[in-house]
$ cat coords-v7.txt   # compact mmCIF, C-alpha atoms
# COMPACT_ATOMS: atom_id res chain seq x y z
CA MET D 1 -0.24 22.59 -15.86
CA THR D 2 2.60 22.16 -18.33
CA PRO D 3 2.28 18.77 -20.04
CA PRO D 4 4.88 16.30 -18.74
CA LYS D 5 7.81 15.52 -20.96
CA GLY D 6 7.13 12.53 -23.12
CA SER D 7 3.52 13.34 -23.95
CA LYS D 8 3.01 13.47 -27.68
CA ASP D 9 3.10 16.94 -29.25
CA GLY D 10 2.59 18.59 -25.87
CA GLY D 11 -0.90 17.11 -25.74
CA LYS D 12 -2.84 15.64 -22.85
CA ALA D 13 -0.67 13.35 -20.76
CA GLY D 14 -1.70 9.78 -20.14
CA ILE D 15 -2.61 8.59 -16.68
CA GLY D 16 0.86 7.14 -16.13
CA GLU D 17 2.54 10.45 -16.85
CA ARG D 18 0.06 12.36 -14.70
CA PHE D 19 0.57 9.92 -11.85
CA GLN D 20 4.33 10.40 -11.98
CA GLN D 21 3.99 14.18 -12.00
CA GLU D 22 1.31 14.47 -9.34
CA THR D 23 3.10 12.23 -6.83
CA LYS D 24 6.46 13.99 -7.11
CA TYR D 25 8.22 15.44 -4.10
CA ASP D 26 9.38 18.99 -4.83
CA PRO D 27 11.40 20.97 -2.22
CA ASP D 28 9.62 24.15 -3.29
CA ASN D 29 6.14 22.69 -2.92
CA MET D 30 6.06 20.39 0.11
CA GLU D 31 2.85 20.72 2.08
CA GLY D 32 3.37 19.85 5.71
CA HIS D 33 0.76 17.82 7.54
CA THR D 34 0.40 16.42 11.04
CA LEU D 35 -0.26 12.73 11.48
CA ASP D 36 -3.34 11.96 13.53
CA ARG D 37 -2.43 8.72 15.29
CA SER D 38 -6.03 8.21 16.34
CA ARG D 39 -6.95 7.78 12.67
CA GLN D 40 -4.19 5.34 11.76
CA PRO D 41 -5.69 2.23 10.13
CA GLU D 42 -5.33 -1.15 11.82
CA PRO D 43 -1.91 -2.57 10.85
CA LEU D 44 -3.06 -6.21 10.81
CA LYS D 45 -6.03 -7.94 9.21
CA ASN D 46 -8.09 -10.69 10.81
CA TYR D 47 -11.30 -12.25 9.50
CA GLU D 48 -14.20 -12.46 11.96
CA ALA D 49 -15.46 -15.87 10.88
CA PRO D 50 -13.07 -17.84 8.64
CA LEU D 51 -13.98 -21.43 7.83
CA ALA D 52 -10.97 -22.54 9.89
CA ILE D 53 -7.63 -21.38 11.26
CA ILE D 54 -4.74 -23.48 9.93
CA PRO D 55 -1.59 -23.27 12.09
CA LEU D 56 1.54 -23.41 9.95
CA PRO D 57 4.45 -25.73 10.76
CA GLU D 58 8.00 -24.53 11.27
CA PRO D 59 9.34 -23.32 7.91
CA ASP D 60 11.65 -25.59 5.94
CA LEU D 61 14.69 -23.33 5.74
CA THR D 62 17.00 -25.95 4.27
CA GLY D 63 18.26 -25.71 0.71
CA ASP D 64 20.85 -23.67 -1.13
CA PRO D 65 21.91 -20.69 1.01
CA ASN D 66 24.25 -19.19 -1.61
CA LEU D 67 22.70 -15.80 -2.38
CA TRP D 68 24.92 -15.11 -5.38
CA ARG D 69 24.02 -18.41 -7.03
CA LEU D 70 20.33 -17.81 -6.36
CA LEU D 71 20.49 -14.36 -7.93
CA TYR D 72 22.32 -15.71 -10.96
CA SER D 73 19.84 -18.54 -11.52
CA ARG D 74 16.66 -16.56 -10.82
CA ARG D 75 14.13 -17.13 -13.60
CA SER D 76 10.37 -17.11 -14.07
CA ARG D 77 9.23 -20.73 -14.40
CA ARG D 78 6.15 -21.23 -16.51
CA GLU D 79 5.87 -25.02 -16.53
CA TYR D 80 5.02 -26.97 -13.39
CA ASP D 81 4.69 -30.63 -12.46
CA ALA D 82 0.95 -30.69 -11.82
CA GLY D 83 1.03 -34.25 -10.45
CA ARG D 84 3.20 -33.42 -7.45
CA SER D 85 2.16 -31.94 -4.14
CA MET D 86 4.15 -29.63 -1.88
CA THR D 87 4.79 -30.05 1.83
CA SER D 88 3.28 -27.57 4.24
CA GLU D 89 6.81 -26.93 5.57
CA LYS D 90 7.86 -25.58 2.19
CA LEU D 91 4.72 -23.47 2.01
CA SER D 92 5.61 -22.11 5.45
CA ALA D 93 9.09 -21.24 4.23
CA LEU D 94 7.72 -19.27 1.27
CA LEU D 95 5.29 -17.38 3.47
CA TRP D 96 7.97 -16.62 6.05
CA ALA D 97 10.37 -15.43 3.35
CA THR D 98 7.81 -13.06 1.84
CA GLN D 99 6.26 -11.50 4.94
CA GLY D 100 7.47 -13.39 7.99
CA VAL D 101 8.04 -11.63 11.30
CA THR D 102 11.73 -11.34 12.20
CA ALA D 103 11.47 -9.19 15.36
CA ARG D 104 8.86 -7.47 17.51
CA TYR D 105 9.06 -4.04 19.10
CA GLY D 106 5.88 -3.53 21.08
CA GLU D 107 3.10 -3.74 18.51
CA PHE D 108 5.52 -3.07 15.66
CA LEU D 109 6.51 -6.15 13.65
CA PHE D 110 9.71 -6.21 11.64
CA ARG D 111 9.40 -8.48 8.61
CA THR D 112 11.57 -10.17 6.02
CA ALA D 113 10.62 -7.63 3.33
CA PRO D 114 10.90 -3.85 3.78
CA SER D 115 7.93 -1.50 3.69
CA ALA D 116 7.79 2.28 3.43
CA GLY D 117 7.41 3.67 6.93
CA GLY D 118 6.99 0.15 8.29
CA LEU D 119 3.28 0.36 7.42
CA TYR D 120 2.96 -2.94 5.49
CA PRO D 121 -0.11 -2.23 3.35
CA VAL D 122 0.28 -5.50 1.42
CA GLU D 123 -1.76 -8.55 2.46
CA THR D 124 -1.03 -12.11 1.31
CA TYR D 125 -3.73 -14.48 0.08
CA LEU D 126 -3.15 -17.94 -1.34
CA PHE D 127 -4.95 -20.19 -3.73
CA VAL D 128 -3.79 -23.62 -2.57
CA ARG D 129 -4.14 -26.34 -5.20
CA ALA D 130 -1.84 -29.16 -4.03
CA VAL D 131 -0.24 -28.80 -0.60
CA GLU D 132 -0.11 -31.79 1.74
CA GLY D 133 -2.52 -31.50 4.65
CA ILE D 134 -4.16 -28.29 3.41
CA GLU D 135 -7.52 -28.42 1.65
CA PRO D 136 -7.71 -26.72 -1.77
CA GLY D 137 -9.15 -23.23 -1.63
CA ILE D 138 -8.48 -19.59 -0.80
CA TYR D 139 -6.57 -18.62 2.34
CA HIS D 140 -5.42 -15.42 4.04
CA PHE D 141 -1.97 -15.39 5.67
CA ARG D 142 -1.59 -13.80 9.11
CA PRO D 143 2.11 -13.09 9.73
CA HIS D 144 1.57 -12.01 13.35
CA THR D 145 0.19 -15.42 14.34
CA PHE D 146 1.84 -17.37 11.50
CA ASP D 147 -1.26 -19.16 10.35
CA LEU D 148 -3.78 -19.27 7.53
CA GLU D 149 -7.42 -18.24 7.63
CA PHE D 150 -9.45 -20.57 5.42
CA LEU D 151 -11.86 -18.41 3.42
CA LYS D 152 -13.23 -20.43 0.51
CA LYS D 153 -13.28 -24.14 -0.30
CA GLY D 154 -12.75 -25.73 -3.67
CA ASP D 155 -10.45 -26.23 -6.61
CA LEU D 156 -10.61 -22.75 -8.06
CA ALA D 157 -7.71 -23.22 -10.46
CA ARG D 158 -9.78 -22.43 -13.54
CA ASP D 159 -11.26 -19.32 -11.91
CA VAL D 160 -7.82 -18.05 -10.89
CA ALA D 161 -6.46 -18.78 -14.37
CA GLU D 162 -9.32 -16.85 -15.97
CA ALA D 163 -8.66 -13.93 -13.63
CA ALA D 164 -5.00 -14.04 -14.72
CA LEU D 165 -5.96 -13.36 -18.35
CA GLY D 166 -6.14 -17.08 -19.11
CA GLN D 167 -2.60 -17.87 -17.95
CA THR D 168 -2.90 -21.60 -17.34
CA ILE D 169 0.31 -21.84 -15.30
CA VAL D 170 -1.82 -21.43 -12.18
CA MET D 171 -3.70 -24.64 -13.06
CA ALA D 172 -0.50 -26.67 -12.75
CA ALA D 173 1.33 -24.77 -10.00
CA GLN D 174 0.88 -26.09 -6.49
CA MET D 175 -0.21 -22.65 -5.26
CA THR D 176 -0.76 -19.08 -6.37
CA PHE D 177 0.07 -16.06 -4.23
CA ILE D 178 -2.40 -13.19 -4.51
CA TRP D 179 -1.22 -9.93 -2.97
CA THR D 180 -3.57 -7.10 -2.14
CA ALA D 181 -3.07 -3.57 -0.86
CA ILE D 182 -5.06 -1.98 1.95
CA VAL D 183 -4.34 1.45 0.54
CA GLU D 184 -5.27 3.57 3.54
CA ARG D 185 -2.53 2.00 5.68
CA SER D 186 0.02 3.83 3.57
CA ARG D 187 -2.10 6.75 2.34
CA TRP D 188 -2.78 7.81 5.95
CA LYS D 189 0.85 8.92 6.16
CA TYR D 190 2.04 9.45 2.59
CA ARG D 191 -1.16 10.60 0.86
CA GLN D 192 -0.93 10.30 -2.95
CA ARG D 193 2.75 9.32 -2.78
CA ALA D 194 1.55 6.13 -1.06
CA TYR D 195 0.66 4.55 -4.38
CA ARG D 196 4.31 4.58 -5.42
CA TYR D 197 5.37 2.96 -2.18
CA ILE D 198 2.72 0.25 -2.26
CA TYR D 199 3.96 -1.13 -5.57
CA LEU D 200 7.56 -0.94 -4.38
CA ASP D 201 6.56 -2.94 -1.30
CA ALA D 202 4.96 -5.59 -3.50
CA GLY D 203 8.12 -5.81 -5.59
CA HIS D 204 10.25 -6.44 -2.51
CA ILE D 205 7.91 -9.24 -1.46
CA GLY D 206 7.92 -10.79 -4.93
CA GLU D 207 11.72 -10.91 -5.12
CA ASN D 208 11.89 -12.56 -1.70
CA LEU D 209 9.54 -15.23 -3.05
CA TYR D 210 11.78 -15.84 -6.06
CA LEU D 211 14.91 -16.22 -3.93
CA ALA D 212 13.28 -18.46 -1.32
CA ALA D 213 11.74 -20.67 -3.99
CA GLY D 214 15.10 -21.00 -5.71
CA ALA D 215 16.73 -22.07 -2.44
CA LEU D 216 14.09 -24.80 -2.05
CA GLY D 217 14.29 -26.03 -5.64
CA LEU D 218 10.89 -24.57 -6.46
CA GLY D 219 9.76 -22.33 -9.28
CA VAL D 220 7.90 -19.01 -9.37
CA CYS D 221 6.30 -16.91 -12.07
CA ALA D 222 5.11 -13.45 -11.08
CA ILE D 223 1.87 -12.29 -12.70
CA GLY D 224 1.07 -8.63 -13.25
CA ALA D 225 -1.59 -9.16 -15.93
CA PHE D 226 -5.00 -9.96 -14.47
CA PHE D 227 -8.60 -8.83 -14.58
CA ASP D 228 -8.72 -6.69 -11.44
CA ASP D 229 -12.42 -7.06 -10.66
CA LYS D 230 -12.37 -10.82 -11.22
CA ALA D 231 -9.31 -11.27 -9.01
CA ASN D 232 -10.89 -9.14 -6.28
CA SER D 233 -14.10 -11.16 -6.50
CA ILE D 234 -12.31 -14.48 -6.05
CA ILE D 235 -10.99 -13.49 -2.64
CA GLY D 236 -14.02 -11.39 -1.71
CA ILE D 237 -12.67 -7.84 -1.48
CA ASP D 238 -14.17 -4.61 -2.79
CA GLY D 239 -11.35 -3.35 -5.04
CA LEU D 240 -11.50 0.07 -3.36
CA GLU D 241 -10.39 -0.13 0.27
CA GLU D 242 -8.49 -3.30 -0.60
CA THR D 243 -7.49 -4.40 -4.09
CA VAL D 244 -5.37 -7.06 -5.79
CA ILE D 245 -2.06 -5.64 -7.04
CA TYR D 246 0.16 -8.66 -7.83
CA MET D 247 0.08 -12.43 -8.19
CA ALA D 248 2.58 -15.26 -8.50
CA ALA D 249 2.33 -18.95 -9.33
CA ALA D 250 4.66 -21.19 -7.31
CA GLY D 251 5.44 -24.88 -7.20
CA TRP D 252 7.54 -27.73 -8.51
CA PRO D 253 9.00 -26.78 -11.89
CA ARG D 254 8.76 -29.35 -14.64
CA ARG D 255 12.25 -30.48 -15.59

$ encode --input "coords-v7.txt" --output "structure tokens"
Amino acid sequence: MTPPKGSKDGGKAGIGERFQQETKYDPDNMEGHTLDRSRQPEPLKNYEAPLAIIPLPEPDLTGDPNLWRLLYSRRSRREYDAGRSMTSEKLSALLWATQGVTARYGEFLFRTAPSAGGLYPVETYLFVRAVEGIEPGIYHFRPHTFDLEFLKKGDLARDVAEAALGQTIVMAAQMTFIWTAIVERSRWKYRQRAYRYIYLDAGHIGENLYLAAGALGLGVCAIGAFFDDKANSIIGIDGLEETVIYMAAAGWPRR
């Protein structure tokens, strides 16, 4: 194979360059394949025995609705008021904005963020530190029933911070979003190209979080630097079939 452009002195390409080359679509080299619907992965995740199911209240959709102002003022906020707590209504609003269901067509769920092929490989987990009426710990968000599955008790702020390469913002933020990918949901249809789409999906979700938080007067700081295995371990996934791909601290910014 001819080394991709950008590799030094025509030498061996790095993994990033190889990934870009090997997931290209080329009109002269498009292998057709038939989708086997019987092998399509489950589109929704449910835990068999969570500690509890926490129904979420109606989202607080008040706040600044001016999209242009929100785009102009969008920033990553790295300092949070650790002494404040957040209402569960505001938490609901952030969850709805990132992956909430906006319409149903049979078993197909339209959501607030787009996804390649409508496959939605990204799952949302939360580390809740200070939300009124919700015990600190790790939760899994179910958009189809709009509730949280309680997975692990405890103030895990230090563990989450250590997983995020020591970024202590998660120790002050009221919550931290942890997004994972169930890769096969997308790979079943798109094969190796799926990896491109999964990260695009996560980016759409992250921007929705920024805009919704801005409308509610909250702050967000997306986190792409983390120890993968440690992050996977915190929420109890294997890092193969499902793996952490993105995180974000969210809460009351310190003025």

$ closest_residue --input "coords-v7.txt" --among "D:Thr112, D:Ile205, D:Leu70, D:Ile182" --to "D:Gly219" --atoms "all atoms listed in the file"
D:Leu70

$ residues_around --input "coords-v7.txt" --residues "D:Gly133" --least-positions-apart "6" --cutoff "10 Å" --atoms "all atoms listed in the file" --output "list in words"
Ile54, Ser85, Met86, Thr87 and Ser88 of chain D

$ write_last_selection --input "coords-v7.txt" --atoms "C-alpha atoms" --output "PDB file, in the coordinates of the input"
ATOM      1  CA  ILE D  54      -4.740 -23.480   9.930  1.00  0.00           C
ATOM      2  CA  SER D  85       2.160 -31.940  -4.140  1.00  0.00           C
ATOM      3  CA  MET D  86       4.150 -29.630  -1.880  1.00  0.00           C
ATOM      4  CA  THR D  87       4.790 -30.050   1.830  1.00  0.00           C
ATOM      5  CA  SER D  88       3.280 -27.570   4.240  1.00  0.00           C
TER       6      SER D  88
END

$ residues_around --input "coords-v7.txt" --residues "stretch 43-46 of chain D" --least-positions-apart "5" --cutoff "9 Å" --atoms "only C-alpha atoms" --output "PyMOL selection string"
chain D and resi 108+119-121+123+140+142-144+149+185

$ closest_residue --input "coords-v7.txt" --among "D:Asp36, D:Asp64, D:Glu22, D:Glu79" --to "D:Ala213" --atoms "only C-alpha atoms"
D:Asp64

$ closest_residue --input "coords-v7.txt" --among "D:Leu148, D:Leu240, D:Leu109, D:Ala225" --to "D:Glu162" --atoms "all atoms listed in the file"
D:Ala225

$ residues_near_point --input "coords-v7.txt" --point "(4.3, -15.7, -14.0)" --cutoff "10 Å" --atoms "only C-alpha atoms" --output "JSON, numbers by chain"
{"D": [75, 76, 77, 78, 79, 164, 167, 168, 169, 170, 176, 219, 220, 221, 222, 223, 224, 225, 247, 248, 249, 250]}

$ atom_distance --input "coords-v7.txt" --atom1 "atom CA of D:Glu207" --atom2 "atom CA of D:Ala116"
16.2 Å

$ atom_distance --input "coords-v7.txt" --atom1 "atom CA of D:Tyr47" --atom2 "atom CA of D:Ala173"
26.4 Å

$ closest_residue --input "coords-v7.txt" --among "D:Asn208, D:Thr98, D:Gln21, D:Ser186" --to "D:Gln40" --atoms "only C-alpha atoms"
D:Ser186

$ atom_distance --input "coords-v7.txt" --atom1 "atom CA of D:Ala161" --atom2 "atom CA of D:Ala181"
20.6 Å

$ closest_residue --input "coords-v7.txt" --among "D:Phe141, D:Phe110, D:Phe177, D:Tyr195" --to "D:Val128" --atoms "all atoms listed in the file"
D:Phe177

$ closest_residue --input "coords-v7.txt" --among "D:Ala97, D:Ala13, D:Val183, D:Ile234" --to "D:Gly137" --atoms "all atoms listed in the file"
D:Ile234

$ residues_around --input "coords-v7.txt" --residues "D:Gly203" --least-positions-apart "6" --cutoff "10 Å" --atoms "only C-alpha atoms" --output "JSON, numbers by chain"
{"D": [113, 114, 197, 209, 222, 246]}

$ residues_around --input "coords-v7.txt" --residues "D:Ile138" --least-positions-apart "4" --cutoff "6 Å" --atoms "only C-alpha atoms" --output "VMD selection string"
chain D and resid 126 to 127 151 to 152

$ residues_around --input "coords-v7.txt" --residues "D:Lys90" --least-positions-apart "6" --cutoff "12 Å" --atoms "all atoms listed in the file" --output "PyMOL selection string"
chain D and resi 56-63+96-97+131-132+174-175+209+212-218+250-252
